[in-house]
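File shown here: final37.cif, holding mmCIF, C-alpha atoms; chains and numbers go by the auth columns.
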data_upload
#
loop_
_atom_site.group_PDB
_atom_site.id
_atom_site.type_symbol
_atom_site.label_atom_id
_atom_site.label_comp_id
_atom_site.label_asym_id
_atom_site.label_seq_id
_atom_site.Cartn_x
_atom_site.Cartn_y
_atom_site.Cartn_z
_atom_site.B_iso_or_equiv
_atom_site.auth_seq_id
_atom_site.auth_asym_id
ATOM 1 C CA MET A 1 12.800 22.217 1.075 0.00 11 A
ATOM 2 C CA PRO A 2 11.880 23.378 4.588 0.00 12 A
ATOM 3 C CA ASN A 3 12.183 21.054 7.570 0.00 13 A
ATOM 4 C CA ILE A 4 8.723 19.795 8.463 0.00 14 A
ATOM 5 C CA HIS A 5 7.434 17.989 11.498 0.00 15 A
ATOM 6 C CA MET A 6 4.229 15.956 11.366 0.00 16 A
ATOM 7 C CA HIS A 7 2.365 14.070 14.058 0.00 17 A
ATOM 8 C CA TYR A 8 -0.300 11.458 13.328 0.00 18 A
ATOM 9 C CA VAL A 9 -2.544 9.360 15.533 0.00 19 A
ATOM 10 C CA VAL A 10 -3.532 5.963 14.140 0.00 20 A
ATOM 11 C CA PRO A 11 -6.862 4.697 15.517 0.00 21 A
ATOM 12 C CA GLY A 12 -6.872 1.147 16.808 0.00 22 A
ATOM 13 C CA ASP A 13 -10.502 0.329 16.268 0.00 23 A
ATOM 14 C CA ASP A 14 -10.959 1.132 12.584 0.00 24 A
ATOM 15 C CA PHE A 15 -8.845 -0.848 10.146 0.00 25 A
ATOM 16 C CA THR A 16 -10.372 0.970 7.165 0.00 26 A
ATOM 17 C CA ARG A 17 -8.701 4.198 8.309 0.00 27 A
ATOM 18 C CA ALA A 18 -5.192 2.735 8.483 0.00 28 A
ATOM 19 C CA GLY A 19 -3.307 4.399 5.651 0.00 29 A
ATOM 20 C CA GLU A 20 -4.642 7.912 6.148 0.00 30 A
ATOM 21 C CA ALA A 21 -1.373 9.137 7.635 0.00 31 A
ATOM 22 C CA SER A 22 0.799 7.702 4.872 0.00 32 A
ATOM 23 C CA ALA A 23 -1.563 9.047 2.192 0.00 33 A
ATOM 24 C CA ASP A 24 -1.383 12.503 3.768 0.00 34 A
ATOM 25 C CA LEU A 25 2.410 12.385 4.077 0.00 35 A
ATOM 26 C CA LYS A 26 2.766 11.117 0.511 0.00 36 A
ATOM 27 C CA ALA A 27 0.690 14.010 -0.837 0.00 37 A
ATOM 28 C CA ARG A 28 2.701 16.544 1.171 0.00 38 A
ATOM 29 C CA LEU A 29 6.080 15.168 0.035 0.00 39 A
ATOM 30 C CA LYS A 30 4.925 15.139 -3.578 0.00 40 A
ATOM 31 C CA LYS A 31 3.839 18.747 -3.260 0.00 41 A
ATOM 32 C CA LEU A 32 7.277 19.625 -1.876 0.00 42 A
ATOM 33 C CA GLY A 33 8.792 18.199 -5.046 0.00 43 A
ATOM 34 C CA MET A 34 10.575 15.242 -3.432 0.00 44 A
ATOM 35 C CA PRO A 35 11.729 12.611 -5.992 0.00 45 A
ATOM 36 C CA SER A 36 8.974 10.052 -6.554 0.00 46 A
ATOM 37 C CA ASP A 37 11.171 7.036 -5.691 0.00 47 A
ATOM 38 C CA ALA A 38 11.851 8.419 -2.221 0.00 48 A
ATOM 39 C CA VAL A 39 8.202 9.410 -1.755 0.00 49 A
ATOM 40 C CA ARG A 40 7.100 5.898 -2.624 0.00 50 A
ATOM 41 C CA LYS A 41 9.563 4.282 -0.199 0.00 51 A
ATOM 42 C CA VAL A 42 8.398 6.574 2.612 0.00 52 A
ATOM 43 C CA ALA A 43 4.733 5.969 1.831 0.00 53 A
ATOM 44 C CA ILE A 44 4.994 2.174 1.650 0.00 54 A
ATOM 45 C CA ALA A 45 7.136 1.861 4.781 0.00 55 A
ATOM 46 C CA LEU A 46 4.790 4.077 6.765 0.00 56 A
ATOM 47 C CA TYR A 47 1.664 2.402 5.376 0.00 57 A
ATOM 48 C CA GLU A 48 2.879 -1.022 6.514 0.00 58 A
ATOM 49 C CA GLY A 49 3.611 0.535 9.896 0.00 59 A
ATOM 50 C CA GLU A 50 0.115 1.960 10.127 0.00 60 A
ATOM 51 C CA ILE A 51 -1.386 -1.408 9.248 0.00 61 A
ATOM 52 C CA ASN A 52 0.714 -2.988 12.015 0.00 62 A
ATOM 53 C CA LEU A 53 -0.432 -0.382 14.538 0.00 63 A
ATOM 54 C CA ALA A 54 -4.070 -1.000 13.601 0.00 64 A
ATOM 55 C CA ILE A 55 -3.830 -4.809 13.538 0.00 65 A
ATOM 56 C CA HIS A 56 -1.538 -5.584 16.452 0.00 66 A
ATOM 57 C CA ALA A 57 -1.217 -2.622 18.778 0.00 67 A
ATOM 58 C CA GLY A 58 -4.680 -1.111 19.174 0.00 68 A
ATOM 59 C CA GLY A 59 -3.437 2.026 17.417 0.00 69 A
ATOM 60 C CA GLY A 60 -0.459 4.255 18.031 0.00 70 A
ATOM 61 C CA GLU A 61 1.336 7.457 17.169 0.00 71 A
ATOM 62 C CA ILE A 62 3.621 8.523 14.355 0.00 72 A
ATOM 63 C CA GLU A 63 6.202 11.296 14.381 0.00 73 A
ATOM 64 C CA VAL A 64 7.640 12.390 11.049 0.00 74 A
ATOM 65 C CA GLN A 65 10.582 14.708 10.439 0.00 75 A
ATOM 66 C CA VAL A 66 11.180 15.788 6.868 0.00 76 A
ATOM 67 C CA PHE A 67 14.647 17.117 6.008 0.00 77 A
ATOM 68 C CA PRO A 68 15.972 18.099 2.575 0.00 78 A
ATOM 69 C CA ASP A 69 18.028 14.892 2.389 0.00 79 A
ATOM 70 C CA LYS A 70 16.022 12.398 4.465 0.00 80 A
ATOM 71 C CA VAL A 71 12.682 11.524 6.049 0.00 81 A
ATOM 72 C CA GLU A 72 12.643 10.107 9.582 0.00 82 A
ATOM 73 C CA MET A 73 9.613 8.309 10.983 0.00 83 A
ATOM 74 C CA THR A 74 9.064 7.039 14.509 0.00 84 A
ATOM 75 C CA LEU A 75 6.081 4.808 15.279 0.00 85 A
ATOM 76 C CA THR A 76 5.217 4.136 18.903 0.00 86 A
ATOM 77 C CA ASP A 77 2.480 2.120 20.521 0.00 87 A
ATOM 78 C CA THR A 78 1.489 0.835 23.917 0.00 88 A
ATOM 79 C CA GLY A 79 0.328 -2.503 22.542 0.00 89 A
ATOM 80 C CA PRO A 80 1.226 -6.024 23.673 0.00 90 A
ATOM 81 C CA GLY A 81 4.845 -5.841 22.482 0.00 91 A
ATOM 82 C CA ILE A 82 6.790 -8.422 20.456 0.00 92 A
ATOM 83 C CA PRO A 83 8.250 -11.367 22.410 0.00 93 A
ATOM 84 C CA ASP A 84 10.731 -12.434 19.705 0.00 94 A
ATOM 85 C CA ILE A 85 11.779 -9.658 17.320 0.00 95 A
ATOM 86 C CA ASP A 86 13.996 -11.913 15.168 0.00 96 A
ATOM 87 C CA LEU A 87 11.012 -14.150 14.528 0.00 97 A
ATOM 88 C CA ALA A 88 8.729 -11.192 13.826 0.00 98 A
ATOM 89 C CA MET A 89 11.225 -9.874 11.269 0.00 99 A
ATOM 90 C CA ARG A 90 11.159 -13.139 9.333 0.00 100 A
ATOM 91 C CA ALA A 91 9.261 -12.905 6.026 0.00 101 A
ATOM 92 C CA GLY A 92 6.104 -14.996 6.224 0.00 102 A
ATOM 93 C CA TRP A 93 5.913 -15.157 10.018 0.00 103 A
ATOM 94 C CA SER A 94 2.559 -13.811 11.170 0.00 104 A
ATOM 95 C CA THR A 95 0.424 -13.656 14.272 0.00 105 A
ATOM 96 C CA ALA A 96 -2.418 -11.799 12.526 0.00 106 A
ATOM 97 C CA PRO A 97 -5.927 -13.227 12.964 0.00 107 A
ATOM 98 C CA ASP A 98 -7.793 -14.717 9.994 0.00 108 A
ATOM 99 C CA GLU A 99 -10.069 -11.701 9.678 0.00 109 A
ATOM 100 C CA VAL A 100 -7.026 -9.565 8.891 0.00 110 A
ATOM 101 C CA ARG A 101 -5.909 -12.052 6.247 0.00 111 A
ATOM 102 C CA SER A 102 -9.317 -11.836 4.605 0.00 112 A
ATOM 103 C CA LEU A 103 -8.622 -8.108 4.184 0.00 113 A
ATOM 104 C CA GLY A 104 -5.405 -8.790 2.275 0.00 114 A
ATOM 105 C CA PHE A 105 -2.888 -8.408 5.096 0.00 115 A
ATOM 106 C CA GLY A 106 -1.340 -10.585 7.763 0.00 116 A
ATOM 107 C CA ALA A 107 0.977 -12.497 5.415 0.00 117 A
ATOM 108 C CA GLY A 108 3.980 -11.808 7.590 0.00 118 A
ATOM 109 C CA MET A 109 5.445 -9.227 5.219 0.00 119 A
ATOM 110 C CA GLY A 110 4.870 -6.030 7.194 0.00 120 A
ATOM 111 C CA LEU A 111 8.076 -5.647 9.198 0.00 121 A
ATOM 112 C CA PRO A 112 10.295 -7.189 6.457 0.00 122 A
ATOM 113 C CA ASN A 113 8.770 -4.757 3.947 0.00 123 A
ATOM 114 C CA MET A 114 9.379 -1.788 6.234 0.00 124 A
ATOM 115 C CA LYS A 115 13.011 -2.804 6.705 0.00 125 A
ATOM 116 C CA ASN A 116 13.356 -3.350 2.977 0.00 126 A
ATOM 117 C CA TYR A 117 12.034 0.068 1.965 0.00 127 A
ATOM 118 C CA ALA A 118 13.794 2.030 4.705 0.00 128 A
ATOM 119 C CA ASP A 119 17.504 2.924 4.544 0.00 129 A
ATOM 120 C CA ASP A 120 17.727 2.632 8.302 0.00 130 A
ATOM 121 C CA PHE A 121 15.370 0.542 10.424 0.00 131 A
ATOM 122 C CA GLU A 122 15.409 0.064 14.188 0.00 132 A
ATOM 123 C CA ILE A 123 12.869 -1.727 16.331 0.00 133 A
ATOM 124 C CA GLU A 124 12.639 -2.126 20.075 0.00 134 A
ATOM 125 C CA SER A 125 9.835 -3.782 21.939 0.00 135 A
ATOM 126 C CA GLU A 126 8.924 -4.861 25.442 0.00 136 A
ATOM 127 C CA VAL A 127 6.139 -7.314 26.156 0.00 137 A
ATOM 128 C CA GLY A 128 3.300 -5.612 27.982 0.00 138 A
ATOM 129 C CA VAL A 129 4.760 -2.149 27.401 0.00 139 A
ATOM 130 C CA GLY A 130 4.803 -1.513 23.654 0.00 140 A
ATOM 131 C CA THR A 131 6.880 -1.174 20.538 0.00 141 A
ATOM 132 C CA ARG A 132 8.897 1.595 18.938 0.00 142 A
ATOM 133 C CA VAL A 133 10.001 1.554 15.302 0.00 143 A
ATOM 134 C CA PHE A 134 12.368 4.097 13.764 0.00 144 A
ATOM 135 C CA MET A 135 12.785 4.369 9.997 0.00 145 A
ATOM 136 C CA ARG A 136 14.886 6.693 7.887 0.00 146 A
ATOM 137 C CA VAL A 137 14.531 7.008 4.132 0.00 147 A
ATOM 138 C CA ASN A 138 17.293 8.879 2.323 0.00 148 A
ATOM 139 C CA VAL A 139 16.347 11.317 -0.388 0.00 149 A
ATOM 140 C CA ALA A 140 18.810 10.778 -3.209 0.00 150 A
ATOM 141 C CA MET B 1 -2.036 -0.561 -23.397 0.00 20 B
ATOM 142 C CA ARG B 2 -4.640 2.127 -22.859 0.00 21 B
ATOM 143 C CA ILE B 3 -7.210 1.731 -20.077 0.00 22 B
ATOM 144 C CA SER B 4 -9.882 1.904 -22.786 0.00 23 B
ATOM 145 C CA GLU B 5 -8.435 -1.272 -24.315 0.00 24 B
ATOM 146 C CA ILE B 6 -8.591 -3.016 -20.931 0.00 25 B
ATOM 147 C CA ILE B 7 -12.249 -2.052 -20.722 0.00 26 B
ATOM 148 C CA THR B 8 -12.974 -3.441 -24.201 0.00 27 B
ATOM 149 C CA THR B 9 -10.953 -6.634 -23.658 0.00 28 B
ATOM 150 C CA LEU B 10 -12.682 -7.473 -20.385 0.00 29 B
ATOM 151 C CA GLY B 11 -16.098 -6.068 -21.233 0.00 30 B
ATOM 152 C CA ALA B 12 -15.559 -4.124 -18.032 0.00 31 B
ATOM 153 C CA GLU B 13 -17.713 -1.486 -16.429 0.00 32 B
ATOM 154 C CA VAL B 14 -16.140 1.815 -15.320 0.00 33 B
ATOM 155 C CA LEU B 15 -17.168 2.547 -11.723 0.00 34 B
ATOM 156 C CA THR B 16 -15.373 5.838 -11.074 0.00 35 B
ATOM 157 C CA GLU B 17 -16.530 9.221 -12.362 0.00 36 B
ATOM 158 C CA GLY B 18 -14.502 11.366 -14.734 0.00 37 B
ATOM 159 C CA ALA B 19 -12.059 8.594 -15.607 0.00 38 B
ATOM 160 C CA ASP B 20 -9.451 9.389 -18.264 0.00 39 B
ATOM 161 C CA THR B 21 -9.444 6.042 -20.075 0.00 40 B
ATOM 162 C CA SER B 22 -6.863 7.188 -22.601 0.00 41 B
ATOM 163 C CA ARG B 23 -4.133 6.729 -19.969 0.00 42 B
ATOM 164 C CA GLU B 24 -1.411 4.255 -20.908 0.00 43 B
ATOM 165 C CA VAL B 25 -0.309 1.409 -18.629 0.00 44 B
ATOM 166 C CA HIS B 26 2.671 -0.860 -19.248 0.00 45 B
ATOM 167 C CA ALA B 27 2.353 -3.683 -16.722 0.00 46 B
ATOM 168 C CA ALA B 28 -0.165 -5.240 -14.331 0.00 47 B
ATOM 169 C CA CYS B 29 -0.304 -7.517 -11.314 0.00 48 B
ATOM 170 C CA GLY B 30 -3.007 -9.777 -9.890 0.00 49 B
ATOM 171 C CA SER B 31 -3.299 -10.484 -6.164 0.00 50 B
ATOM 172 C CA ASP B 32 -5.693 -10.675 -3.257 0.00 51 B
ATOM 173 C CA MET B 33 -2.803 -10.252 -0.832 0.00 52 B
ATOM 174 C CA MET B 34 -2.012 -6.569 -0.442 0.00 53 B
ATOM 175 C CA SER B 35 1.177 -7.336 1.532 0.00 54 B
ATOM 176 C CA ASP B 36 2.551 -9.073 -1.557 0.00 55 B
ATOM 177 C CA VAL B 37 1.581 -6.142 -3.753 0.00 56 B
ATOM 178 C CA LEU B 38 3.482 -3.847 -1.394 0.00 57 B
ATOM 179 C CA ALA B 39 6.451 -6.222 -1.333 0.00 58 B
ATOM 180 C CA TYR B 40 6.928 -7.112 -4.976 0.00 59 B
ATOM 181 C CA VAL B 41 5.250 -4.565 -7.214 0.00 60 B
ATOM 182 C CA LYS B 42 7.492 -2.022 -8.893 0.00 61 B
ATOM 183 C CA ASP B 43 6.059 -0.307 -11.942 0.00 62 B
ATOM 184 C CA GLN B 44 2.796 -2.115 -12.490 0.00 63 B
ATOM 185 C CA GLY B 45 0.060 0.367 -13.284 0.00 64 B
ATOM 186 C CA VAL B 46 -2.896 -1.982 -12.902 0.00 65 B
ATOM 187 C CA LEU B 47 -4.007 -3.999 -9.872 0.00 66 B
ATOM 188 C CA ILE B 48 -6.325 -6.945 -10.571 0.00 67 B
ATOM 189 C CA THR B 49 -8.019 -8.225 -7.407 0.00 68 B
ATOM 190 C CA GLY B 50 -11.100 -9.808 -5.894 0.00 69 B
ATOM 191 C CA LEU B 51 -10.815 -7.869 -2.632 0.00 70 B
ATOM 192 C CA THR B 52 -13.019 -4.787 -2.372 0.00 71 B
ATOM 193 C CA ASN B 53 -12.050 -3.091 0.904 0.00 72 B
ATOM 194 C CA PRO B 54 -10.565 0.434 1.144 0.00 73 B
ATOM 195 C CA GLN B 55 -7.059 -0.935 1.766 0.00 74 B
ATOM 196 C CA VAL B 56 -6.994 -2.146 -1.836 0.00 75 B
ATOM 197 C CA VAL B 57 -7.320 1.457 -3.002 0.00 76 B
ATOM 198 C CA ARG B 58 -4.777 2.665 -0.444 0.00 77 B
ATOM 199 C CA THR B 59 -2.305 -0.027 -1.516 0.00 78 B
ATOM 200 C CA ALA B 60 -2.735 0.890 -5.195 0.00 79 B
ATOM 201 C CA SER B 61 -2.233 4.537 -4.347 0.00 80 B
ATOM 202 C CA MET B 62 0.973 3.854 -2.377 0.00 81 B
ATOM 203 C CA MET B 63 2.340 1.996 -5.407 0.00 82 B
ATOM 204 C CA ASP B 64 1.360 4.838 -7.786 0.00 83 B
ATOM 205 C CA MET B 65 -0.992 2.517 -9.667 0.00 84 B
ATOM 206 C CA VAL B 66 -3.567 4.147 -11.913 0.00 85 B
ATOM 207 C CA CYS B 67 -6.221 1.458 -12.352 0.00 86 B
ATOM 208 C CA ILE B 68 -7.884 -1.267 -10.260 0.00 87 B
ATOM 209 C CA VAL B 69 -9.835 -4.103 -11.871 0.00 88 B
ATOM 210 C CA PHE B 70 -12.272 -5.929 -9.580 0.00 89 B
ATOM 211 C CA VAL B 71 -12.885 -9.469 -10.823 0.00 90 B
ATOM 212 C CA ARG B 72 -15.696 -12.039 -10.447 0.00 91 B
ATOM 213 C CA GLY B 73 -18.354 -9.317 -10.710 0.00 92 B
ATOM 214 C CA LYS B 74 -17.417 -7.848 -7.333 0.00 93 B
ATOM 215 C CA ARG B 75 -18.288 -4.235 -6.679 0.00 94 B
ATOM 216 C CA PRO B 76 -16.869 -2.102 -3.886 0.00 95 B
ATOM 217 C CA ASP B 77 -19.140 0.220 -1.937 0.00 96 B
ATOM 218 C CA ASN B 78 -19.299 3.952 -2.578 0.00 97 B
ATOM 219 C CA THR B 79 -16.782 4.946 0.094 0.00 98 B
ATOM 220 C CA VAL B 80 -14.179 2.806 -1.677 0.00 99 B
ATOM 221 C CA LEU B 81 -15.015 4.396 -5.031 0.00 100 B
ATOM 222 C CA GLN B 82 -14.850 7.879 -3.524 0.00 101 B
ATOM 223 C CA LEU B 83 -11.409 7.105 -2.114 0.00 102 B
ATOM 224 C CA ALA B 84 -10.266 5.929 -5.568 0.00 103 B
ATOM 225 C CA GLU B 85 -11.574 9.128 -7.165 0.00 104 B
ATOM 226 C CA GLU B 86 -9.745 11.154 -4.528 0.00 105 B
ATOM 227 C CA PHE B 87 -6.480 9.392 -5.495 0.00 106 B
ATOM 228 C CA GLY B 88 -7.201 9.665 -9.232 0.00 107 B
ATOM 229 C CA ILE B 89 -7.442 5.881 -9.644 0.00 108 B
ATOM 230 C CA ILE B 90 -9.757 4.422 -12.298 0.00 109 B
ATOM 231 C CA VAL B 91 -11.870 1.517 -11.008 0.00 110 B
ATOM 232 C CA LEU B 92 -13.212 -1.170 -13.334 0.00 111 B
ATOM 233 C CA ALA B 93 -15.401 -4.210 -12.679 0.00 112 B
ATOM 234 C CA THR B 94 -15.445 -7.356 -14.786 0.00 113 B
ATOM 235 C CA GLN B 95 -17.443 -10.583 -14.551 0.00 114 B
ATOM 236 C CA HIS B 96 -14.374 -12.672 -15.441 0.00 115 B
ATOM 237 C CA THR B 97 -12.403 -14.634 -12.854 0.00 116 B
ATOM 238 C CA MET B 98 -8.955 -13.524 -11.705 0.00 117 B
ATOM 239 C CA TYR B 99 -7.207 -16.160 -13.812 0.00 118 B
ATOM 240 C CA ASN B 100 -9.097 -15.368 -16.976 0.00 119 B
ATOM 241 C CA THR B 101 -8.802 -11.613 -16.491 0.00 120 B
ATOM 242 C CA CYS B 102 -5.025 -11.893 -16.179 0.00 121 B
ATOM 243 C CA GLY B 103 -4.860 -14.242 -19.167 0.00 122 B
ATOM 244 C CA MET B 104 -6.978 -12.036 -21.404 0.00 123 B
ATOM 245 C CA LEU B 105 -4.893 -8.949 -20.675 0.00 124 B
ATOM 246 C CA TYR B 106 -1.610 -10.862 -20.966 0.00 125 B
ATOM 247 C CA GLU B 107 -2.663 -12.148 -24.377 0.00 126 B
ATOM 248 C CA LYS B 108 -3.265 -8.566 -25.504 0.00 127 B
ATOM 249 C CA GLY B 109 0.265 -7.618 -24.484 0.00 128 B
ATOM 250 C CA LEU B 110 -0.214 -6.332 -20.932 0.00 129 B
ATOM 251 C CA HIS B 111 2.424 -8.349 -19.093 0.00 130 B
ATOM 252 C CA GLY B 112 3.585 -8.511 -15.477 0.00 131 B
ATOM 253 C CA GLY B 113 6.706 -6.418 -15.847 0.00 132 B
ATOM 254 C CA ASN B 114 9.944 -7.073 -14.047 0.00 133 B
ATOM 255 C CA ASN B 115 8.880 -8.090 -10.573 0.00 134 B
ATOM 256 C CA THR B 116 10.638 -11.169 -9.376 0.00 135 B
ATOM 257 C CA ALA B 117 10.582 -11.759 -5.643 0.00 136 B
ATOM 258 C CA GLN B 118 14.277 -10.961 -5.246 0.00 137 B
#
Go ahead and render the structure in this file as structure tokens.
Amino acid sequence: MPNIHMHYVVPGDDFTRAGEASADLKARLKKLGMPSDAVRKVAIALYEGEINLAIHAGGGEIEVQVFPDKVEMTLTDTGPGIPDIDLAMRAGWSTAPDEVRSLGFGAGMGLPNMKNYADDFEIESEVGVGTRVFMRVNVA
Amino acid sequence: MRISEIITTLGAEVLTEGADTSREVHAACGSDMMSDVLAYVKDQGVLITGLTNPQVVRTASMMDMVCIVFVRGKRPDNTVLQLAEEFGIIVLATQHTMYNTCGMLYEKGLHGGNNTAQ
């Protein structure tokens, strides 16, 4: 499997388009013959990240590196930042507006899900500056 | 259970073109909260929901689901159906409520599978 680098821009003003990057990456990894369990973990983790970028950050950027034995994803935004990361990581904690909940998201499961599906998960955030999330999924 | 049996059981309408209703599914889940679907679903092939936005189709696709059943007579717009066709997902619509839809399929042997929260 060749090393591949992908770059995606997630728009901040169109929630319906969140998920395009993960769908594209999923299709590419499938085509490369990556095991379906790993593909699914990558796709779900990145999809939740895209939803977060669209809901909370006014959009953002995604860098993906695909190696034979792992997929690394870095999501960056220049949104409002997260004041208390421990709280944000707690399942069920949410600051999403009601309109997002009416679309089926905003239940406070995004970051916990990403951490759960990724083999390595790092998050750093500064209020007023933005947030950076790194995720690595191992390919068994 | 074949998709065709789901259609018969629910008196459902098929909304996507070129659907292969002979496909077999072994488990289903019902939810209007896509975050929960992403958190807890493992091998459920069918998503039963009352939400009709594009993220429902994207969520189903991420989970490798093959069929979405929209309950309470709800119908998604064409862009949602086109997205489902693009992902090879069969979309059905039934007049039954969420609770009854789940119950009717469960009774016919389509259960929830192994998806406890832990």
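Residue-level contact on chain B: within 8 Å of chain A, counting all atoms listed in the file, the set is B:Asp51, B:Met52, B:Met53, B:Ser54, B:Asp55, B:Leu57, B:Ala58, B:Leu70, B:Asn72, B:Pro73, B:Gln74, B:Val75, B:Arg77, B:Ser80, B:Met81, B:Met82, B:Asp83.
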Inset, instruction - Could you check how far atom CA of His45 of chain B sits from atom CA of Gly64 of chain B, in Å to one decimal? - result: 6.6 Å
Inset, instruction - Name the residues in contact with segment 104-120 of chain B at a cut-off of 7 Å, using only C-alpha atoms, excluding same-chain residues fewer than 2 positions from it; report them as a PyMOL selection string. - result: chain B and resi 29-35+38+68+80+85-94+100-102+122-124
Legend entry - Picked residues, the PyMOL selection byres ((chain B and resi 61) around 10), as a ChimeraX atom specification: /B:46-48,56-60,62-64,82-84,132-135
Legend entry - Gap from atom CA of Ala67 of chain A to atom CA of Gly22 of chain A - Å, one decimal: 7.1 Å
Inset, instruction - Would you list the residues near (9.2, -15.0, 11.5) (no more than 12 Å away, in the coordinates of the file, using all atoms listed in the file) as a list in words? - result: Ile92, Pro93, Asp94, Ile95, Asp96, Leu97, Ala98, Met99, Arg100, Ala101, Gly102, Trp103, Ser104, Thr105, Ala117, Gly118, Met119, Gly120, Leu121 and Pro122 of chain A
Inset, instruction - Select, from A:Thr86, A:Asn148, A:Asn13, A:Asn62, the residue with the minimum atom-to-atom distance to Asp129 of chain A, counting all atoms listed in the file. - result: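 The closest residue to Asp129 of chain A is A:Asn148.
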Legend entry - Matched chain/residue IDs from the PyMOL selection byres ((chain A and resi 88) around 9), as a list in words: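 Applied to this file, the PyMOL selection byres ((chain A and resi 88) around 9) returns Ala67, Gly68, Gly69, Gly70, Thr86, Asp87, Gly89, Pro90, Gly91, Gly138, Val139, Gly140, Thr141 and Arg142 of chain A.
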Inset, instruction - Carefully work through the PyMOL selection byres ((chain A and resi 150) around 10) for this structure and note down the residues it includes, as number ranges by chain. - result: A: 44-45, 47-48, 78-80, 147-149
Inset, instruction - Counting only C-alpha atoms, write as a list in words all protein and nucleic acid residues lying at most 12 Å from (18.4, 1.5, 12.4) in the file's frame. - result: Glu82, Met83, Thr84, Met124, Lys125, Asn126, Ala128, Asp129, Asp130, Phe131, Glu132, Ile133, Glu134, Arg142, Val143, Phe144, Met145, Arg146 and Val147 of chain A
Legend entry - d(atom CA of Val76 of chain A, atom CA of Val20 of chain A) in Å: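 Calculated distance between atom CA of Val76 of chain A and atom CA of Val20 of chain A is 19.1 Å.
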